[in-house]
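target_7.pdb, holding PDB, C-alpha atoms:
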ATOM      1  CA  GLN A   1      15.516 -10.153   6.938
ATOM      2  CA  VAL A   2      12.756  -7.667   6.174
ATOM      3  CA  GLN A   3       9.430  -7.522   7.960
ATOM      4  CA  LEU A   4       6.554  -5.280   6.960
ATOM      5  CA  VAL A   5       3.756  -4.398   9.359
ATOM      6  CA  GLU A   6       0.667  -2.618   8.057
ATOM      7  CA  SER A   7      -1.771  -0.642  10.147
ATOM      8  CA  GLY A   8      -4.567   1.855   9.718
ATOM      9  CA  GLY A   9      -7.254  -0.237   8.101
ATOM     10  CA  GLY A  10     -10.824  -0.254   9.300
ATOM     11  CA  LEU A  11     -14.453   0.468   8.496
ATOM     12  CA  VAL A  12     -15.365   3.786   6.933
ATOM     13  CA  GLN A  13     -18.397   5.214   5.165
ATOM     14  CA  THR A  14     -18.456   6.127   1.484
ATOM     15  CA  GLY A  15     -16.638   9.398   0.975
ATOM     16  CA  GLY A  16     -14.510   8.962   4.068
ATOM     17  CA  SER A  17     -10.749   8.762   4.460
ATOM     18  CA  LEU A  18      -8.196   6.395   5.897
ATOM     19  CA  ARG A  19      -4.421   6.437   6.100
ATOM     20  CA  LEU A  20      -2.563   3.176   5.919
ATOM     21  CA  SER A  21       0.950   2.822   7.282
ATOM     22  CA  CYS A  22       3.555   0.159   6.633
ATOM     23  CA  ALA A  23       6.573  -0.002   8.913
ATOM     24  CA  ALA A  24       9.609  -1.894   7.655
ATOM     25  CA  SER A  25      12.501  -3.501   9.458
ATOM     26  CA  GLY A  26      15.919  -4.171   8.014
ATOM     27  CA  SER A  27      18.412  -1.993   6.215
ATOM     28  CA  ILE A  28      17.221  -1.898   2.616
ATOM     29  CA  PHE A  29      14.119   0.291   2.916
ATOM     30  CA  SER A  30      15.699   3.461   1.532
ATOM     31  CA  ILE A  31      16.982   1.735  -1.598
ATOM     32  CA  SER A  32      13.786  -0.167  -2.278
ATOM     33  CA  ALA A  33      10.659   0.602  -4.186
ATOM     34  CA  MET A  34       7.530   0.360  -2.078
ATOM     35  CA  ALA A  35       4.007  -0.374  -3.169
ATOM     36  CA  TRP A  36       0.490  -0.980  -1.964
ATOM     37  CA  TYR A  37      -1.583  -3.770  -3.463
ATOM     38  CA  ARG A  38      -5.114  -4.827  -2.663
ATOM     39  CA  GLN A  39      -7.155  -7.954  -3.004
ATOM     40  CA  ALA A  40     -10.918  -8.051  -2.877
ATOM     41  CA  PRO A  41     -12.822 -11.303  -2.259
ATOM     42  CA  GLY A  42     -12.810 -13.486  -5.355
ATOM     43  CA  LYS A  43     -10.466 -11.164  -7.229
ATOM     44  CA  GLN A  44      -6.786 -11.128  -8.054
ATOM     45  CA  ARG A  45      -4.361  -8.976  -6.146
ATOM     46  CA  GLU A  46      -3.883  -5.668  -7.932
ATOM     47  CA  LEU A  47      -1.389  -2.843  -7.734
ATOM     48  CA  VAL A  48      -2.816   0.294  -6.155
ATOM     49  CA  ALA A  49       0.189   2.617  -5.946
ATOM     50  CA  ARG A  50       3.950   2.492  -5.884
ATOM     51  CA  ILE A  51       6.817   4.788  -5.047
ATOM     52  CA  THR A  52      10.432   4.394  -6.097
ATOM     53  CA  SER A  53      13.432   4.925  -3.872
ATOM     54  CA  GLY A  54      13.751   8.339  -5.499
ATOM     55  CA  GLY A  55      10.170   9.293  -4.758
ATOM     56  CA  SER A  56       8.534   8.849  -8.155
ATOM     57  CA  THR A  57       4.979   7.600  -7.911
ATOM     58  CA  ASP A  58       2.342   5.997 -10.039
ATOM     59  CA  TYR A  59      -1.204   4.857  -9.393
ATOM     60  CA  ALA A  60      -3.879   2.559 -10.669
ATOM     61  CA  ASP A  61      -6.385   4.485 -12.764
ATOM     62  CA  SER A  62      -9.138   3.589 -10.316
ATOM     63  CA  VAL A  63      -7.490   5.518  -7.475
ATOM     64  CA  LYS A  64      -5.828   8.442  -9.260
ATOM     65  CA  GLY A  65      -6.754  11.738  -7.669
ATOM     66  CA  ARG A  66      -8.051  10.030  -4.508
ATOM     67  CA  PHE A  67      -5.078   8.116  -3.091
ATOM     68  CA  THR A  68      -1.584   9.364  -2.321
ATOM     69  CA  ILE A  69       1.446   7.222  -1.574
ATOM     70  CA  SER A  70       4.387   8.654   0.340
ATOM     71  CA  ARG A  71       7.425   7.435   2.194
ATOM     72  CA  ASP A  72       9.531   8.419   5.189
ATOM     73  CA  ASN A  73      12.959   6.879   4.802
ATOM     74  CA  ALA A  74      14.141   8.025   8.220
ATOM     75  CA  ASN A  75      11.352   6.046   9.872
ATOM     76  CA  LYS A  76      11.267   3.249   7.261
ATOM     77  CA  THR A  77       7.569   3.780   6.708
ATOM     78  CA  VAL A  78       5.372   4.051   3.649
ATOM     79  CA  TYR A  79       1.894   5.557   3.750
ATOM     80  CA  LEU A  80      -1.233   5.403   1.659
ATOM     81  CA  GLN A  81      -3.621   8.287   2.160
ATOM     82  CA  MET A  82      -7.019   7.268   0.852
ATOM     83  CA  ASN A  83      -9.686   9.913   0.342
ATOM     84  CA  SER A  84     -13.159   9.842  -1.181
ATOM     85  CA  LEU A  85     -13.390   6.139  -0.495
ATOM     86  CA  LYS A  86     -15.886   4.043  -2.412
ATOM     87  CA  PRO A  87     -17.390   0.629  -1.667
ATOM     88  CA  GLU A  88     -15.307  -0.807  -4.502
ATOM     89  CA  ASP A  89     -12.177   0.104  -2.544
ATOM     90  CA  THR A  90     -13.092  -2.573  -0.023
ATOM     91  CA  ALA A  91     -10.236  -5.095   0.082
ATOM     92  CA  VAL A  92      -7.298  -6.355   2.052
ATOM     93  CA  TYR A  93      -4.438  -3.960   1.439
ATOM     94  CA  PHE A  94      -0.895  -5.312   1.341
ATOM     95  CA  CYS A  95       2.398  -3.496   1.597
ATOM     96  CA  ASN A  96       5.196  -4.609  -0.699
ATOM     97  CA  LEU A  97       8.912  -3.916  -0.657
ATOM     98  CA  TYR A  98      10.878  -4.520  -3.849
ATOM     99  CA  ALA A  99      14.660  -4.410  -3.717
ATOM    100  CA  SER A 100      15.370  -6.905  -6.511
ATOM    101  CA  ILE A 101      13.742  -9.853  -8.205
ATOM    102  CA  VAL A 102      14.929 -12.109  -5.382
ATOM    103  CA  ARG A 103      14.409  -9.623  -2.581
ATOM    104  CA  ARG A 104      10.713  -8.926  -2.469
ATOM    105  CA  TYR A 105       8.638  -8.913   0.699
ATOM    106  CA  TRP A 106       4.979  -8.670   1.684
ATOM    107  CA  GLY A 107       3.164  -7.539   4.775
ATOM    108  CA  GLN A 108       0.341  -9.506   6.342
ATOM    109  CA  GLY A 109      -2.362  -7.186   5.048
ATOM    110  CA  THR A 110      -4.885  -4.848   6.604
ATOM    111  CA  GLN A 111      -8.618  -4.871   5.934
ATOM    112  CA  VAL A 112     -10.319  -1.802   4.518
ATOM    113  CA  THR A 113     -14.102  -1.865   4.377
ATOM    114  CA  VAL A 114     -16.113   0.974   2.851
ATOM    115  CA  SER A 115     -19.808   0.915   3.623
ATOM    116  CA  SER A 116     -22.385   2.366   1.257
TER     117      SER A 116
END

Show me this structure written as structure tokens.
Amino acid sequence: QVQLVESGGGLVQTGGSLRLSCAASGSIFSISAMAWYRQAPGKQRELVARITSGGSTDYADSVKGRFTISRDNANKTVYLQMNSLKPEDTAVYFCNLYASIVRRYWGQGTQVTVSS
């Protein structure tokens, strides 16, 4: 069984930075794609960034150039470095592990609030 535990959220001013971490349990981390999603109040959950098992990355247009996703397979952790934060980045951020269509897991989420 896989468990994902996010940390690093909080309150930050516009222009500030935060780094989110997601620690995974289980044995499939290194062969899985990892992603960060976010969900703002009243909105659908959206993909923010993802990284394949081989390290390829892609980002939502709204965060390109400001956010960076990375992974540490030895420590089974994925990170999201968020710089130049904007109020519209305010959301609950969720970590996702994708190993196959039937092996997909979510973390509990961490709140990010950007004040103007």

Proximity of segment 47-68 of chain A to segment 10-27 of chain A: per-residue shortest pair, 12 Å limit, all atoms listed in the file, as CSV:
residue,atom,partner,partner_atom,distance
A:Arg66,CA,A:Ser17,CA,9.5
A:Phe67,CA,A:Arg19,CA,9.4
A:Thr68,CA,A:Arg19,CA,9.4

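Going from atom CA of Gln111 of chain A to atom CA of Thr57 of chain A covers 23.1 Å.
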
Got a sec to resolve the PyMOL selection byres ((chain A and resi 58-60) around 12) on this structure and send the residues as a list in words?
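Taken over the shown coordinates, the PyMOL selection byres ((chain A and resi 58-60) around 12) returns Ala33, Met34, Ala35, Trp36, Tyr37, Arg38, Glu46, Leu47, Val48, Ala49, Arg50, Ile51, Thr52, Gly55, Ser56, Thr57, Asp61, Ser62, Val63, Lys64, Gly65, Arg66, Phe67, Thr68, Ile69, Ser70, Leu80 and Asp89 of chain A.
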
What does the structure give for the distance between atom CA of Ile101 of chain A and atom CA of Leu4 of chain A, in Å to one decimal?
17.4 Å

Could you please determine the separation between atom CA of Asn75 of chain A and atom CA of Trp106 of chain A in Å, to one decimal place?
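So the two atoms, atom CA of Asn75 of chain A and atom CA of Trp106 of chain A, lie 18.0 Å apart.
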
The residue from A:Ser116, A:Gly42, A:Tyr105, A:Leu97 with the smallest atom-to-atom distance to Lys76 of chain A, counting all atoms listed in the file, is A:Leu97

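Among the candidates A:Gln44, A:Ser53, A:Gln108, A:Gln1, the residue lying nearest to Val78 of chain A is A:Ser53 (atoms considered: all atoms listed in the file).
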
Box dimensions and centre (Å, one decimal) enclosing segment 80-89 of chain A, axis-aligned, 8 Å extra per side, as AutoDock Vina command-line options:
--center_x -9.3 --center_y 4.6 --center_z -1.2 --size_x 32.2 --size_y 26.7 --size_z 22.7

With a distance cut-off of 6 Å and all atoms listed in the file, select the neighbouring residues of Gln39 of chain A, excluding the residue or stretch itself and same-chain residues fewer than 3 positions from it, and output the selection as a PyMOL selection string.
chain A and resi 44-45+91-92

With distances taken over all atoms listed in the file, which residue among A:Gly8, A:Gly54, A:Val2, A:Gly109 lies nearest Gln81 of chain A?
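Between A:Gly8, A:Gly54, A:Val2, A:Gly109, the residue approaching Gln81 of chain A most closely is A:Gly8.
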